[in-house]
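What follows is a single structure, written as C-alpha cells, with notes after it.
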Amino acid sequence: MLSVDPYATKVLQPDAHSWLVANLESVAADAGISPDRIWTSMYDTDATPAEIEYLRAFRRQAAILGKYGLVFVGENPQRDIIAAMSYLAGALLRNRTRARVMPVADVLDYMASDGHPDHTCLLIPDFHELIVGQQKATRHRISKLVSLLLKRQAAGLQTILYVSDMNAMQLEYGNLIGRHITSHYHFVDVG
C-alpha cells in the first residue's frame, strides 16, 4: 500500500488515471521503475526538449517519422541516464503505453528464456558503455543485439538506448548496428 498520494502532484488525474493508480505497484514493477516515476512530470526532471518532443510524437514515430527509438549519446556525470529513462517510462505508462527499463544483460537473459521483449517501448540504459578494461562483446552477443533491434523495428516497437560513444560502439558492435541506429533513431546529446 502506498504511503503517498499519487494524485498530489496533479500529474495523474482520477478520471484519466484511476486504472493506473489501482495497479500502480504492479505496473511499475513490470516497467522496472519505482512508482514515483509515474506521477512525476517530465518538466520536473532534467529532461531535454528533444526527449519531451519525442514523447509528444511517440505514436507517430514509426509510422509517420520512420524512427524506431531514441539514443542518448555521450558522457555527463551530472546526467543520470537510468533516472532519465525511468521518467520517460513513467510518462509513457501514463499514456497507456507499455514500457520497460532493462539493463542489456537482463534483456539478453530475457531473450534466452522468453524471446524478445514485447513492450511497446524498451529502454536500455547500458546498451553500450565505454569501460576501461571491459571485455569486448562476443559475436553471439552482438548477433542477439542486432536481432533485438531489427525485430523490434519490424514490429513497430520503440527502443531507447544509451551509448556512451557512438564511434566506440560501432567499432565493437559493427557497422550494421551503427548504421541502423544512425538511420532510425533520434539522438539526445548528454555530454
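Residues in the C-alpha cells are named by chain (A, B, ... in the order shown) and by number from 1 within that chain; ligands are numbered from 1 in the order shown.
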Please provide the set of residues having any atom within 12 Å of Arg59 (chain A), restricted to only C-alpha atoms, with same-chain residues fewer than 4 positions apart removed, written as a ChimeraX atom specification. /A:53-55,63-69,92,95-97,120-121,156-158
List every residue of region 76-105 of chain A that has an atom at most 10 Å from any atom of region 36-49 of chain A, and for each one report the closest atom pair and its distance in Å to one decimal, counting only C-alpha atoms, with rows sorted by chain and then by increasing residue number, as JSON lines.
{"residue": "A:Gln78", "atom": "CA", "partner": "A:Asp46", "partner_atom": "CA", "distance": 9.9}
{"residue": "A:Arg79", "atom": "CA", "partner": "A:Asp46", "partner_atom": "CA", "distance": 7.9}
{"residue": "A:Asp80", "atom": "CA", "partner": "A:Asp46", "partner_atom": "CA", "distance": 9.1}
{"residue": "A:Ala83", "atom": "CA", "partner": "A:Arg37", "partner_atom": "CA", "distance": 8.5}
{"residue": "A:Ala84", "atom": "CA", "partner": "A:Ala47", "partner_atom": "CA", "distance": 6.8}
{"residue": "A:Met85", "atom": "CA", "partner": "A:Ala47", "partner_atom": "CA", "distance": 9.6}
{"residue": "A:Ser86", "atom": "CA", "partner": "A:Arg37", "partner_atom": "CA", "distance": 6.3}
{"residue": "A:Tyr87", "atom": "CA", "partner": "A:Arg37", "partner_atom": "CA", "distance": 5.2}
{"residue": "A:Leu88", "atom": "CA", "partner": "A:Met42", "partner_atom": "CA", "distance": 7.4}
{"residue": "A:Ala89", "atom": "CA", "partner": "A:Ile38", "partner_atom": "CA", "distance": 7.7}
{"residue": "A:Gly90", "atom": "CA", "partner": "A:Ile38", "partner_atom": "CA", "distance": 4.0}
{"residue": "A:Ala91", "atom": "CA", "partner": "A:Ile38", "partner_atom": "CA", "distance": 6.3}
{"residue": "A:Leu92", "atom": "CA", "partner": "A:Ile38", "partner_atom": "CA", "distance": 8.6}
{"residue": "A:Leu93", "atom": "CA", "partner": "A:Ile38", "partner_atom": "CA", "distance": 7.0}
{"residue": "A:Arg94", "atom": "CA", "partner": "A:Ile38", "partner_atom": "CA", "distance": 6.6}
Env of Leu148 (chain A): 12 Å cut, atoms = only C-alpha atoms, seq-sep filter 6 positions within chain, self excluded. Answer as a PyMOL selection string. chain A and resi 104+107-108+110-112+115-118+122+124+127+141-142+154-155+157-159+177+180
Between CA of Leu145 (chain A) and CA of Leu176 (chain A), what is the distance, to one decimal in Å? 10.7 Å
Find the spatial neighbours of Ile181 (chain A), counting only C-alpha atoms, within a cut-off of 12 Å - ignore same-chain residues fewer than 2 positions away - and output them as a ChimeraX atom specification. /A:66-73,127,145-146,149-150,153,158-163,166-167,169-170,173-179,183-187
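Considering the residues A:Glu75, A:Asp15, A:Lys144, A:Lys10 and counting only C-alpha atoms, Asp109 (chain A) has its shortest atom-to-atom contact with A:Lys144.
One finds CA of Leu171 (chain A) at 20.5 Å from CA of Val190 (chain A).
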How would you write, as a PyMOL selection string, the set of residues in region 6-106 of chain A that DSSP gives as strand (DSSP E or B)? chain A and resi 69-73+99-101
File of the preceding selection, C-alpha atoms, as a JSON list (two decimals), in the first residue's frame:
[["chain", "number", "residue", "atom", "x", "y", "z"],
["A", 69, "GLY", "CA", 13.70, 4.97, -30.96],
["A", 70, "LEU", "CA", 15.84, 7.47, -29.19],
["A", 71, "VAL", "CA", 19.51, 7.17, -28.32],
["A", 72, "PHE", "CA", 21.23, 9.09, -25.54],
["A", 73, "VAL", "CA", 24.85, 9.67, -26.62],
["A", 99, "ALA", "CA", 7.29, 0.50, -21.32],
["A", 100, "ARG", "CA", 10.16, -1.26, -19.54],
["A", 101, "VAL", "CA", 13.61, -0.18, -18.39]]
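Between CA of Ile81 (chain A) and CA of Val11 (chain A) the separation is 21.9 Å.
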